[in-house]
file structure05.cif (mmCIF, C-alpha atoms and all ligand atoms)
data_model
#
loop_
_atom_site.label_atom_id
_atom_site.label_comp_id
_atom_site.auth_asym_id
_atom_site.auth_seq_id
_atom_site.Cartn_x
_atom_site.Cartn_y
_atom_site.Cartn_z
CA MET X 7 114.52 99.71 107.67
CA PHE X 8 112.36 98.39 104.83
CA PHE X 9 110.68 100.53 102.21
CA LEU X 10 107.94 99.62 99.81
CA LYS X 11 108.84 100.23 96.21
CA GLU X 12 106.48 101.92 93.80
CA LYS X 13 105.86 98.57 92.16
CA ILE X 14 103.58 97.41 94.96
CA THR X 15 100.53 99.04 93.50
CA LYS X 16 96.86 98.29 93.80
CA ARG X 17 96.86 97.47 90.07
CA ASN X 18 99.57 94.78 90.40
CA CYS X 19 97.91 93.18 93.39
CA ARG X 20 94.53 93.31 91.72
CA LYS X 21 95.95 91.27 88.82
CA ASN X 22 96.79 88.48 91.26
CA LEU X 23 93.46 88.85 93.01
CA ASP X 24 91.58 88.24 89.76
CA HIS X 25 93.37 84.94 89.33
CA GLY X 26 91.04 81.99 89.19
CA ARG X 27 87.98 83.98 90.15
CA LYS X 28 86.10 83.22 86.94
CA ASN X 29 83.51 80.49 87.36
CA MET X 30 84.58 79.94 90.95
CA LYS X 31 82.12 77.80 92.85
CA THR X 32 84.37 76.23 95.43
CA PHE X 33 87.45 77.91 96.83
CA ASP X 34 90.68 76.40 95.54
CA TRP X 35 93.33 76.59 98.28
CA LYS X 36 96.06 75.06 96.12
CA THR X 37 95.74 77.79 93.49
CA GLU X 38 95.48 80.52 96.10
CA GLU X 39 98.65 79.29 97.84
CA LYS X 40 100.63 80.00 94.70
CA ASN X 41 99.65 83.65 94.79
CA MET X 42 100.55 84.35 98.38
CA THR X 43 103.69 86.06 99.61
CA THR X 44 105.50 83.55 101.80
CA SER X 45 109.26 84.07 101.40
CA ALA X 46 111.99 86.61 102.11
CA GLU X 47 112.89 86.57 98.42
CA GLN X 48 109.37 87.65 97.47
CA LEU X 49 109.56 90.42 100.06
CA ARG X 50 112.93 91.47 98.64
CA ASP X 51 111.26 92.00 95.27
CA ILE X 52 108.25 93.78 96.73
CA LEU X 53 110.08 95.96 99.24
CA GLY X 54 113.42 96.38 97.49
CA LEU X 55 115.46 94.84 100.31
CA THR X 56 119.24 94.59 100.31
CA ASP X 57 120.86 91.13 100.59
CA GLU X 58 121.52 91.73 104.30
CA GLU X 59 117.94 92.78 104.95
CA THR X 60 116.67 89.76 102.99
CA LYS X 61 118.80 87.48 105.13
CA LYS X 62 117.45 89.05 108.36
CA MET X 63 113.90 88.79 107.04
CA GLY X 64 114.55 85.11 106.20
CA ASP X 65 115.71 84.46 109.78
CA ILE X 66 112.50 85.96 111.18
CA ILE X 67 110.31 84.03 108.74
CA GLU X 68 112.02 80.79 109.70
CA LYS X 69 110.81 81.36 113.28
CA TYR X 70 107.44 82.93 112.54
CA PRO X 71 106.05 82.04 109.11
CA LEU X 72 105.02 84.63 106.56
CA ARG X 73 101.85 84.52 104.53
CA ILE X 74 100.09 87.50 102.98
CA THR X 75 97.27 87.29 100.49
CA PRO X 76 97.47 89.43 97.32
CA TYR X 77 94.29 91.15 98.45
CA TYR X 78 95.64 92.19 101.85
CA LEU X 79 98.92 93.27 100.26
CA SER X 80 96.92 95.54 97.97
CA LEU X 81 95.57 97.42 101.01
CA ILE X 82 99.05 98.68 101.97
CA ASP X 83 99.56 102.33 101.16
CA PRO X 84 103.17 102.56 99.86
CA GLU X 85 103.21 106.29 100.66
CA LYS X 86 103.06 105.53 104.38
CA GLY X 87 106.19 103.37 104.46
CA GLU X 88 106.75 101.29 107.57
CA SER X 89 104.11 103.13 109.57
CA ASP X 90 101.28 101.88 107.38
CA PRO X 91 98.91 99.98 109.73
CA ILE X 92 98.15 97.22 107.22
CA ARG X 93 101.85 96.75 106.66
CA ARG X 94 102.53 96.62 110.40
CA MET X 95 100.01 93.80 110.79
CA SER X 96 101.29 91.74 107.84
CA ILE X 97 104.98 92.31 107.09
CA PRO X 98 107.67 91.08 109.52
CA SER X 99 109.71 93.61 111.43
CA ILE X 100 113.12 93.36 113.01
CA SER X 101 111.38 93.85 116.41
CA GLU X 102 110.15 90.26 116.17
CA GLN X 103 113.64 89.17 117.18
CA ASP X 104 112.99 90.54 120.69
CA MET X 105 112.67 87.38 122.80
CA SER X 106 110.97 88.94 125.84
CA GLY X 107 107.53 87.62 126.74
CA SER X 108 106.04 84.17 126.60
CA PHE X 109 104.46 81.95 123.94
CA ASP X 110 101.37 80.99 125.93
CA THR X 111 100.44 84.06 127.94
CA SER X 112 96.94 82.93 128.85
CA GLY X 113 97.76 79.36 129.82
CA GLU X 114 95.79 78.04 126.84
CA SER X 115 97.57 74.72 126.41
CA SER X 116 96.79 73.77 130.03
CA ASN X 117 93.08 73.92 129.16
CA THR X 118 93.35 71.23 126.46
CA LYS X 119 91.08 68.32 127.39
CA VAL X 120 91.25 66.26 124.19
CA THR X 121 93.49 67.06 121.22
CA GLY X 122 92.21 70.27 119.63
CA LEU X 123 89.64 71.08 122.33
CA GLN X 124 90.12 73.48 125.23
CA HIS X 125 87.66 73.85 128.08
CA LYS X 126 88.39 76.86 130.28
CA TYR X 127 84.99 78.43 130.92
CA HIS X 128 82.02 76.25 131.89
CA GLN X 129 79.85 77.23 128.94
CA THR X 130 82.41 77.23 126.14
CA ALA X 131 84.49 74.65 124.31
CA LEU X 132 87.21 76.15 122.14
CA ILE X 133 88.24 74.08 119.14
CA LEU X 134 91.61 74.71 117.50
CA SER X 135 90.59 73.20 114.17
CA THR X 136 93.80 73.95 112.27
CA SER X 137 97.13 75.69 112.70
CA MET X 138 96.79 77.39 109.32
CA CYS X 139 95.68 80.97 108.60
CA ALA X 140 95.19 82.74 105.28
CA MET X 141 97.54 85.42 106.59
CA TYR X 142 99.89 85.22 109.54
CA CYS X 143 99.28 88.38 111.54
CA ARG X 144 102.48 89.78 112.99
CA HIS X 145 100.59 90.48 116.24
CA CYS X 146 99.28 86.90 116.51
CA PHE X 147 98.67 85.63 120.05
CA ARG X 148 99.00 82.00 118.93
CA LYS X 149 102.46 82.36 117.39
CA ARG X 150 103.41 79.20 119.26
CA LEU X 151 101.35 77.13 116.88
CA VAL X 152 100.18 78.97 113.74
CA GLY X 153 101.70 77.85 110.48
CA GLY X 154 103.65 75.01 112.00
CA ASP X 155 103.69 72.09 114.34
CA SER X 156 100.99 72.63 116.91
CA LYS X 157 102.34 69.95 119.29
CA GLY X 158 99.02 68.22 119.79
CA GLU X 159 96.99 71.39 120.37
CA THR X 160 95.13 71.48 117.03
CA ARG X 161 93.31 69.30 114.52
CA GLY X 162 91.72 66.84 116.86
CA ASN X 163 89.48 63.94 116.07
CA ILE X 164 85.97 65.39 115.63
CA PRO X 165 84.00 62.41 117.08
CA GLU X 166 86.27 62.44 120.15
CA MET X 167 85.67 66.18 120.64
CA ALA X 168 81.93 65.65 120.21
CA GLU X 169 81.97 62.96 122.92
CA TYR X 170 83.67 65.40 125.30
CA VAL X 171 81.07 68.09 124.59
CA LYS X 172 78.18 65.63 125.04
CA SER X 173 79.58 64.46 128.35
CA HIS X 174 79.74 68.08 129.62
CA PRO X 175 76.19 69.41 129.28
CA GLU X 176 77.29 72.68 130.92
CA ILE X 177 78.93 73.49 127.54
CA THR X 178 76.34 75.53 125.67
CA ASN X 179 78.47 76.76 122.77
CA VAL X 180 81.52 75.72 120.79
CA LEU X 181 83.90 78.17 119.16
CA ILE X 182 85.55 76.66 116.08
CA SER X 183 88.77 78.58 115.73
CA GLY X 184 92.42 77.86 114.89
CA GLY X 185 94.51 79.20 113.22
CA ASP X 186 91.58 80.19 111.08
CA ALA X 187 88.46 78.02 110.97
CA LEU X 188 87.82 78.89 107.31
CA CYS X 189 91.27 77.59 106.32
CA ASN X 190 89.75 74.13 106.63
CA THR X 191 88.29 72.57 103.50
CA ASN X 192 84.53 72.77 103.10
CA ASP X 193 84.32 69.03 103.82
CA VAL X 194 86.01 69.48 107.21
CA ILE X 195 83.84 72.52 108.06
CA ARG X 196 80.77 70.46 107.15
CA GLU X 197 81.89 67.66 109.48
CA TYR X 198 82.21 70.13 112.37
CA LEU X 199 78.84 71.75 111.68
CA ASP X 200 77.07 68.45 111.13
CA THR X 201 78.49 66.98 114.33
CA PHE X 202 77.86 69.95 116.62
CA SER X 203 74.47 70.94 115.21
CA LYS X 204 73.17 67.53 116.38
CA ILE X 205 74.16 68.09 120.03
CA ASP X 206 71.05 69.26 121.90
CA SER X 207 72.91 70.86 124.81
CA LEU X 208 74.54 73.38 122.46
CA ASP X 209 72.61 76.62 121.94
CA LEU X 210 74.90 77.94 119.24
CA ILE X 211 78.07 77.42 117.26
CA ARG X 212 80.67 80.14 116.77
CA ILE X 213 83.18 80.31 113.93
CA GLY X 214 86.33 82.37 114.56
CA SER X 215 87.96 83.65 111.39
CA ARG X 216 89.88 86.61 109.99
CA ILE X 217 89.08 85.51 106.42
CA PRO X 218 86.56 88.35 105.77
CA VAL X 219 89.47 90.74 106.49
CA VAL X 220 92.33 89.06 104.65
CA LEU X 221 90.77 86.84 101.97
CA PRO X 222 87.12 87.85 101.51
CA GLU X 223 86.73 86.01 98.20
CA ARG X 224 87.04 82.72 100.15
CA ILE X 225 83.56 83.63 101.40
CA TYR X 226 81.69 85.56 98.72
CA GLY X 227 83.28 83.50 95.88
CA ASP X 228 82.43 80.11 97.34
CA GLU X 229 78.81 79.18 96.75
CA GLU X 230 79.31 75.74 98.26
CA LEU X 231 80.51 77.25 101.56
CA LEU X 232 77.67 79.78 101.69
CA LEU X 233 75.00 77.16 100.94
CA MET X 234 76.44 74.93 103.64
CA LEU X 235 76.48 77.73 106.23
CA LYS X 236 72.87 78.58 105.36
CA GLU X 237 71.84 74.93 105.70
CA TYR X 238 73.38 74.57 109.17
CA CYS X 239 72.24 77.99 110.34
CA GLU X 240 68.72 76.65 109.97
CA LYS X 241 69.60 73.80 112.37
CA LYS X 242 71.65 75.71 114.97
CA GLN X 243 72.39 79.44 115.15
CA ILE X 244 75.89 80.19 113.90
CA TYR X 245 77.76 83.28 115.07
CA PHE X 246 80.73 84.50 113.05
CA VAL X 247 83.46 86.15 115.09
CA THR X 248 85.95 88.12 113.07
CA GLN X 249 88.84 90.50 113.72
CA PHE X 250 88.82 93.87 111.99
CA ASN X 251 91.50 96.09 113.54
CA HIS X 252 91.61 99.15 111.29
CA PRO X 253 89.12 101.09 109.14
CA ALA X 254 91.28 100.45 106.03
CA GLU X 255 90.29 96.78 106.34
CA ILE X 256 86.67 97.64 105.65
CA THR X 257 86.57 97.62 101.86
CA GLU X 258 84.09 96.79 99.10
CA GLU X 259 85.53 93.27 99.10
CA SER X 260 85.25 92.67 102.83
CA ILE X 261 81.74 94.14 102.87
CA LYS X 262 80.79 91.64 100.12
CA ALA X 263 81.98 88.80 102.37
CA VAL X 264 80.14 90.20 105.39
CA THR X 265 76.95 90.66 103.39
CA ALA X 266 77.15 87.08 102.09
CA LEU X 267 77.52 85.74 105.64
CA LYS X 268 74.55 87.79 106.85
CA LYS X 269 72.45 86.55 103.92
CA ALA X 270 73.33 82.99 104.90
CA GLY X 271 71.80 83.71 108.33
CA LEU X 272 74.93 84.16 110.46
CA VAL X 273 75.18 86.78 113.21
CA LEU X 274 78.43 88.74 113.08
CA ARG X 275 80.55 89.99 115.98
CA ASN X 276 83.99 91.60 115.94
CA GLN X 277 86.93 91.34 118.30
CA THR X 278 89.55 94.04 117.85
CA VAL X 279 93.08 93.83 119.26
CA LEU X 280 94.41 97.14 120.58
CA LEU X 281 97.69 97.55 118.68
CA LYS X 282 100.38 100.20 118.98
CA GLY X 283 100.86 102.04 115.71
CA VAL X 284 97.73 100.48 114.21
CA ASN X 285 94.64 101.57 116.12
CA ASP X 286 95.86 103.12 119.40
CA ASP X 287 94.18 106.44 118.88
CA PRO X 288 90.51 107.21 119.57
CA GLU X 289 89.74 108.60 116.11
CA THR X 290 90.91 105.45 114.28
CA LEU X 291 89.16 103.06 116.65
CA ALA X 292 85.96 105.13 116.72
CA ASP X 293 85.94 105.22 112.92
CA LEU X 294 86.42 101.43 112.80
CA PHE X 295 83.53 100.76 115.18
CA ARG X 296 81.18 103.12 113.37
CA ARG X 297 81.97 101.43 110.06
CA LEU X 298 81.49 97.99 111.63
CA THR X 299 78.07 98.82 113.04
CA ALA X 300 77.15 100.40 109.69
CA VAL X 301 77.73 97.07 107.91
CA GLY X 302 75.99 95.01 110.58
CA ILE X 303 78.88 93.79 112.74
CA ILE X 304 78.67 94.43 116.47
CA PRO X 305 82.08 95.23 118.02
CA TYR X 306 82.00 93.23 121.26
CA TYR X 307 85.58 93.05 122.53
CA VAL X 308 88.68 95.23 122.43
CA PHE X 309 91.43 92.86 123.55
CA GLN X 310 94.62 93.88 125.26
CA CYS X 311 97.48 92.65 123.07
CA ARG X 312 99.17 89.73 124.84
CA PRO X 313 102.87 89.80 125.82
CA VAL X 314 103.75 87.14 123.28
CA ILE X 315 107.39 86.70 122.24
CA GLY X 316 107.96 88.67 119.04
CA VAL X 317 104.80 90.73 119.63
CA LYS X 318 105.07 92.30 123.07
CA GLY X 319 107.56 95.13 122.43
CA GLN X 320 106.13 95.93 119.05
CA PHE X 321 102.40 96.12 119.59
CA GLN X 322 101.41 96.40 123.27
CA VAL X 323 99.71 99.56 124.53
CA PRO X 324 99.81 100.39 128.29
CA ILE X 325 96.57 99.41 130.05
CA LYS X 326 95.95 102.90 131.49
CA LYS X 327 96.35 104.47 128.06
CA GLY X 328 94.08 101.79 126.61
CA ILE X 329 91.36 102.63 129.14
CA ASP X 330 91.44 106.30 128.09
CA ILE X 331 91.35 105.40 124.38
CA VAL X 332 88.48 102.94 124.67
CA GLN X 333 86.40 105.30 126.86
CA GLU X 334 86.82 108.10 124.32
CA VAL X 335 85.83 105.71 121.54
CA ILE X 336 82.72 104.57 123.42
CA ASN X 337 81.69 108.21 123.92
CA LEU X 338 81.59 108.55 120.13
CA GLN X 339 79.43 105.46 119.46
CA ASN X 340 75.75 104.73 119.09
CA GLY X 341 74.20 102.09 121.35
CA GLN X 342 75.45 99.21 119.21
CA GLY X 343 79.06 100.37 119.32
CA ARG X 344 78.80 101.01 123.07
CA SER X 345 78.38 97.32 123.85
CA VAL X 346 82.13 96.83 123.40
CA ARG X 347 84.23 95.69 126.39
CA TYR X 348 87.95 96.27 126.88
CA CYS X 349 89.35 92.99 128.23
CA MET X 350 92.45 90.91 128.65
CA SER X 351 92.68 87.12 128.39
CA HIS X 352 94.47 86.25 131.60
CA PRO X 353 95.19 82.66 132.70
CA LYS X 354 92.54 83.19 135.42
CA GLY X 355 89.87 84.46 133.05
CA LYS X 356 88.65 87.26 130.87
CA ILE X 357 89.25 90.42 132.88
CA GLN X 358 87.45 93.61 131.92
CA PHE X 359 89.06 97.00 132.49
CA ILE X 360 86.31 99.17 133.93
CA GLY X 361 88.14 102.46 134.53
CA LYS X 362 90.60 104.37 136.71
CA THR X 363 90.16 105.91 140.15
CA SER X 364 91.26 109.47 140.97
CA SER X 365 94.36 107.96 142.62
CA GLY X 366 95.25 106.19 139.36
CA ARG X 367 94.36 102.63 140.40
CA VAL X 368 92.61 100.49 137.77
CA ILE X 369 89.19 98.96 138.48
CA MET X 370 88.68 95.55 136.91
CA LYS X 371 86.06 92.82 136.82
CA PHE X 372 86.10 89.15 135.91
CA HIS X 373 83.92 89.05 132.82
CA GLN X 374 84.53 85.30 132.67
CA ALA X 375 86.40 83.33 135.31
CA LYS X 376 88.25 80.03 135.12
CA TYR X 377 87.61 79.42 138.82
CA ASP X 378 84.16 79.82 140.41
CA SER X 379 85.71 81.74 143.33
CA ASP X 380 86.57 84.58 140.90
CA ALA X 381 83.20 84.74 139.09
CA GLY X 382 81.99 88.35 138.96
CA ARG X 383 84.82 89.55 141.24
CA ILE X 384 85.36 93.34 141.07
CA PHE X 385 88.73 94.56 142.28
CA ALA X 386 91.35 97.29 141.99
CA VAL X 387 95.00 96.98 141.00
CA THR X 388 97.77 99.52 141.46
CA LEU X 389 99.52 99.68 138.09
CA ASP X 390 102.50 101.58 136.71
CA ASP X 391 101.59 103.93 133.89
CA ASP X 392 103.49 101.78 131.40
CA ALA X 393 102.13 98.40 132.62
CA CYS X 394 100.73 96.36 129.72
CA TRP X 395 99.76 93.11 131.49
CA LEU X 396 98.94 91.64 134.91
CA PRO X 397 101.14 89.13 136.73
CA GLU X 398 99.93 85.53 136.96
CA GLU X 399 99.15 85.99 140.67
CA ILE X 400 97.02 89.12 140.91
CA ASP X 401 97.13 91.25 144.04
CA TYR X 402 93.40 91.99 144.37
CA GLU X 403 92.85 95.30 146.19
CA GLU X 404 89.56 96.38 147.78
CA ILE X 405 87.78 99.21 146.02
CA ILE X 406 87.54 101.93 148.66
S1 LIG I 1 94.14 85.05 112.06
FE1 LIG I 1 94.25 84.86 114.30
S2 LIG I 1 95.35 82.92 114.67
FE2 LIG I 1 95.72 83.52 112.52
S3 LIG I 1 97.62 84.68 112.54
FE3 LIG I 1 95.96 86.18 112.72
S4 LIG I 1 95.68 86.46 114.94
FE4 LIG I 1 96.88 84.55 114.64
#
call {"tool": "encode", "arguments": {"input": "structure05.cif", "output": "structure tokens"}}
result
Amino acid sequence: MFFLKEKITKRNCRKNLDHGRKNMKTFDWKTEEKNMTTSAEQLRDILGLTDEETKKMGDIIEKYPLRITPYYLSLIDPEKGESDPIRRMSIPSISEQDMSGSFDTSGESSNTKVTGLQHKYHQTALILSTSMCAMYCRHCFRKRLVGGDSKGETRGNIPEMAEYVKSHPEITNVLISGGDALCNTNDVIREYLDTFSKIDSLDLIRIGSRIPVVLPERIYGDEELLLMLKEYCEKKQIYFVTQFNHPAEITEESIKAVTALKKAGLVLRNQTVLLKGVNDDPETLADLFRRLTAVGIIPYYVFQCRPVIGVKGQFQVPIKKGIDIVQEVINLQNGQGRSVRYCMSHPKGKIQFIGKTSSGRVIMKFHQAKYDSDAGRIFAVTLDDDACWLPEEIDYEEII
């Protein structure tokens, strides 16, 4: 339906990217905001939409906000049209009007213990530090809250969250996520790091962010941020969890951000979402993982795309197909790339897809369980070939 015009060129986007970079010491969100694509009218100019298409795009954006950085826009290959993987992940599609699915497929909100803090697994506290992201991914699993009113799920009071963590010594790590953790100001990030680095029961702090992929200059161009990360890494190990989904996202710019994080002392891990039309073929995914390990990022999860409203029909890959893809990818990796696990985030826990039996059943294992009775459980499930998710109540079959 929509076609990129010639005018979306790397040169044009680069001009925007260069904006404000001179003498940058601290990232300036206000200036960056002005350069982002956020409206249907901007998309009309970029893509050459008709009035009717602009109106439809506007309706989608009203429901699910649009935000694309000039840098990420510059990665789109206009020659590929709508099938370009970068475009699929960033530019709205008419398929987002499909209302099948759910907004909270993993029962996240029910795990909220104090505003902004979820506690599902014994060892981990998940902090939703903001509802903002530098780019709103069209495949986002938190569409219910990103870019808008989070209805009490994000931006909690940090001392209150710290009290919760201290009173639950079984929590050994916190994951500061969002939205995107690096969309917070440096002062807010410092408050999180300062607070959690002082809690003895925590072994490590994780930061969840797609900024290296969509706005790398926020990292390599911000000396204040890098110095702060280095300072707190010396107090408590910080892991940086990012989300590269396609080899085209690994660029000179993103490598500069990754290198800066490594120099600051952070350990990097990647979670990839398996996405139809983006990375659902073994060659693409294998290439991505090899490039990740080459720049020092260990790919540790491939996540099944969740059946979120506006995402489900567009991006989900059947589980059985996913198992074949991921196994082929693993066969092509070195030891580092082989540590990846193909999992889904189910309300009952993180379930790993192990493989298929000769009769076509799928063998699964609880990698992490919400309930102790499920911890480590290995089971089989009879699945249709086109099944993309498990029901809330799972029919556990014996493996025979
Ligand atoms: S960065 Fe994460 S939370 Fe933000 S839009 Fe993308 S998938 Fe959603």
call {"tool": "residues_around", "arguments": {"input": "structure05.cif", "residues": "Asn117 of chain X", "least_positions_apart": "4", "cutoff": "7 Å", "atoms": "all atoms listed in the file", "output": "mmCIF file with C-alpha atoms, in the coordinates of the input"}}
result
data_model
loop_
_atom_site.group_PDB
_atom_site.id
_atom_site.type_symbol
_atom_site.label_atom_id
_atom_site.label_comp_id
_atom_site.auth_asym_id
_atom_site.auth_seq_id
_atom_site.Cartn_x
_atom_site.Cartn_y
_atom_site.Cartn_z
ATOM 1 C CA GLN X 124 90.120 73.480 125.230
ATOM 2 C CA HIS X 125 87.660 73.850 128.080
ATOM 3 C CA LYS X 126 88.390 76.860 130.280
#
call {"tool": "closest_residue", "arguments": {"input": "structure05.cif", "among": "X:Thr290, X:Asn340, X:Gln310, X:Thr60", "to": "Gln358 of chain X", "atoms": "only C-alpha atoms"}}
result
X:Gln310
call {"tool": "closest_atom_pairs", "arguments": {"input": "structure05.cif", "of": "chain X", "to": "ligand LIG 1 (chain I)", "cutoff": "10 Å", "atoms": "only C-alpha atoms and all ligand atoms", "output": "JSON lines"}}
result
{"residue": "X:Tyr70", "atom": "CA", "partner": "I:LIG1", "partner_atom": "S3", "distance": 10.0}
{"residue": "X:Pro71", "atom": "CA", "partner": "I:LIG1", "partner_atom": "S3", "distance": 9.5}
{"residue": "X:Leu72", "atom": "CA", "partner": "I:LIG1", "partner_atom": "S3", "distance": 9.5}
{"residue": "X:Arg73", "atom": "CA", "partner": "I:LIG1", "partner_atom": "S3", "distance": 9.1}
{"residue": "X:Met95", "atom": "CA", "partner": "I:LIG1", "partner_atom": "FE3", "distance": 8.8}
{"residue": "X:Ser96", "atom": "CA", "partner": "I:LIG1", "partner_atom": "FE3", "distance": 9.1}
{"residue": "X:Leu134", "atom": "CA", "partner": "I:LIG1", "partner_atom": "S2", "distance": 9.5}
{"residue": "X:Thr136", "atom": "CA", "partner": "I:LIG1", "partner_atom": "S2", "distance": 9.4}
{"residue": "X:Ser137", "atom": "CA", "partner": "I:LIG1", "partner_atom": "S2", "distance": 7.7}
{"residue": "X:Met138", "atom": "CA", "partner": "I:LIG1", "partner_atom": "FE2", "distance": 7.0}
{"residue": "X:Cys139", "atom": "CA", "partner": "I:LIG1", "partner_atom": "FE2", "distance": 4.7}
{"residue": "X:Ala140", "atom": "CA", "partner": "I:LIG1", "partner_atom": "S1", "distance": 7.2}
{"residue": "X:Met141", "atom": "CA", "partner": "I:LIG1", "partner_atom": "S3", "distance": 6.0}
{"residue": "X:Tyr142", "atom": "CA", "partner": "I:LIG1", "partner_atom": "S3", "distance": 3.8}
{"residue": "X:Cys143", "atom": "CA", "partner": "I:LIG1", "partner_atom": "FE3", "distance": 4.2}
{"residue": "X:Arg144", "atom": "CA", "partner": "I:LIG1", "partner_atom": "S3", "distance": 7.1}
{"residue": "X:His145", "atom": "CA", "partner": "I:LIG1", "partner_atom": "S4", "distance": 6.5}
{"residue": "X:Cys146", "atom": "CA", "partner": "I:LIG1", "partner_atom": "FE4", "distance": 3.8}
{"residue": "X:Phe147", "atom": "CA", "partner": "I:LIG1", "partner_atom": "FE4", "distance": 5.8}
{"residue": "X:Arg148", "atom": "CA", "partner": "I:LIG1", "partner_atom": "FE4", "distance": 5.4}
{"residue": "X:Lys149", "atom": "CA", "partner": "I:LIG1", "partner_atom": "FE4", "distance": 6.6}
{"residue": "X:Arg150", "atom": "CA", "partner": "I:LIG1", "partner_atom": "FE4", "distance": 9.6}
{"residue": "X:Leu151", "atom": "CA", "partner": "I:LIG1", "partner_atom": "S2", "distance": 8.6}
{"residue": "X:Val152", "atom": "CA", "partner": "I:LIG1", "partner_atom": "S2", "distance": 6.3}
{"residue": "X:Gly153", "atom": "CA", "partner": "I:LIG1", "partner_atom": "S3", "distance": 8.2}
{"residue": "X:Ser183", "atom": "CA", "partner": "I:LIG1", "partner_atom": "S2", "distance": 8.0}
{"residue": "X:Gly184", "atom": "CA", "partner": "I:LIG1", "partner_atom": "S2", "distance": 5.9}
{"residue": "X:Gly185", "atom": "CA", "partner": "I:LIG1", "partner_atom": "S2", "distance": 4.1}
{"residue": "X:Asp186", "atom": "CA", "partner": "I:LIG1", "partner_atom": "FE2", "distance": 5.5}
{"residue": "X:Ala187", "atom": "CA", "partner": "I:LIG1", "partner_atom": "S1", "distance": 9.1}
{"residue": "X:Cys189", "atom": "CA", "partner": "I:LIG1", "partner_atom": "FE2", "distance": 9.7}
{"residue": "X:Gly214", "atom": "CA", "partner": "I:LIG1", "partner_atom": "FE1", "distance": 8.3}
{"residue": "X:Ser215", "atom": "CA", "partner": "I:LIG1", "partner_atom": "S1", "distance": 6.4}
{"residue": "X:Arg216", "atom": "CA", "partner": "I:LIG1", "partner_atom": "S1", "distance": 5.0}
{"residue": "X:Ile217", "atom": "CA", "partner": "I:LIG1", "partner_atom": "S1", "distance": 7.6}
{"residue": "X:Val219", "atom": "CA", "partner": "I:LIG1", "partner_atom": "S1", "distance": 9.2}
{"residue": "X:Val220", "atom": "CA", "partner": "I:LIG1", "partner_atom": "S1", "distance": 8.6}
{"residue": "X:Thr248", "atom": "CA", "partner": "I:LIG1", "partner_atom": "S1", "distance": 8.8}
{"residue": "X:Gln249", "atom": "CA", "partner": "I:LIG1", "partner_atom": "S1", "distance": 7.8}
{"residue": "X:Val279", "atom": "CA", "partner": "I:LIG1", "partner_atom": "S4", "distance": 8.9}
call {"tool": "residues_around", "arguments": {"input": "structure05.cif", "residues": "Leu132 of chain X", "least_positions_apart": "2", "cutoff": "6 Å", "atoms": "only C-alpha atoms", "output": "ChimeraX atom specification"}}
result
/X:123-124,180-181
call {"tool": "residues_around", "arguments": {"input": "structure05.cif", "residues": "Ala375 of chain X", "least_positions_apart": "5", "cutoff": "10 Å", "atoms": "all atoms listed in the file", "output": "number ranges by chain"}}
result
X: 126-128, 352-357, 380-383
call {"tool": "atom_distance", "arguments": {"input": "structure05.cif", "atom1": "atom CA of Leu79 of chain X", "atom2": "atom CA of Met42 of chain X"}}
result
9.3 Å
call {"tool": "atom_distance", "arguments": {"input": "structure05.cif", "atom1": "atom CA of Arg347 of chain X", "atom2": "atom CA of Ile331 of chain X"}}
result
12.2 Å
call {"tool": "atom_distance", "arguments": {"input": "structure05.cif", "atom1": "atom CA of Glu47 of chain X", "atom2": "atom CA of Pro76 of chain X"}}
result
15.7 Å
call {"tool": "residues_around", "arguments": {"input": "structure05.cif", "residues": "Lys262 of chain X", "least_positions_apart": "4", "cutoff": "7 Å", "atoms": "all atoms listed in the file", "output": "compact mmCIF listing (two decimals) with C-alpha atoms, in the frame of the given file"}}
result
# COMPACT_ATOMS: atom_id res chain seq x y z
CA TYR X 226 81.69 85.56 98.72
CA GLU X 258 84.09 96.79 99.10
CA ALA X 266 77.15 87.08 102.09
call {"tool": "axis_aligned_box", "arguments": {"input": "structure05.cif", "around": "segment 375-388 of chain X", "padding_each_side": "5 Å", "output": "JSON"}}
result
{"center_x": 89.9, "center_y": 89.5, "center_z": 139.2, "size_x": 25.8, "size_y": 30.1, "size_z": 18.2}
call {"tool": "closest_residue", "arguments": {"input": "structure05.cif", "among": "X:Val323, X:Pro313, X:Leu81, X:Thr56", "to": "Pro397 of chain X", "atoms": "all atoms listed in the file"}}
result
X:Pro313
call {"tool": "closest_residue", "arguments": {"input": "structure05.cif", "among": "X:Ile52, X:Ile92, X:Ile97, X:Val335", "to": "Ile67 of chain X", "atoms": "only C-alpha atoms"}}
result
X:Ile97
call {"tool": "residues_around", "arguments": {"input": "structure05.cif", "residues": "Lys236 of chain X", "least_positions_apart": "5", "cutoff": "9 Å", "atoms": "all atoms listed in the file", "output": "list in words"}}
result
Leu231, Leu267, Lys269, Ala270, Gly271 and Leu272 of chain X
call {"tool": "write_last_selection", "arguments": {"input": "structure05.cif", "atoms": "C-alpha atoms", "output": "short mmCIF file (atom, residue, chain, number, x, y, z; two decimals), keeping the file's coordinate frame"}}
result
data_model
loop_
_atom_site.label_atom_id
_atom_site.label_comp_id
_atom_site.auth_asym_id
_atom_site.auth_seq_id
_atom_site.Cartn_x
_atom_site.Cartn_y
_atom_site.Cartn_z
CA LEU X 231 80.51 77.25 101.56
CA LEU X 267 77.52 85.74 105.64
CA LYS X 269 72.45 86.55 103.92
CA ALA X 270 73.33 82.99 104.90
CA GLY X 271 71.80 83.71 108.33
CA LEU X 272 74.93 84.16 110.46
#
call {"tool": "closest_residue", "arguments": {"input": "structure05.cif", "among": "X:Pro324, X:Gly162, X:Gly227, X:Gly361", "to": "Leu396 of chain X", "atoms": "all atoms listed in the file"}}
result
X:Pro324
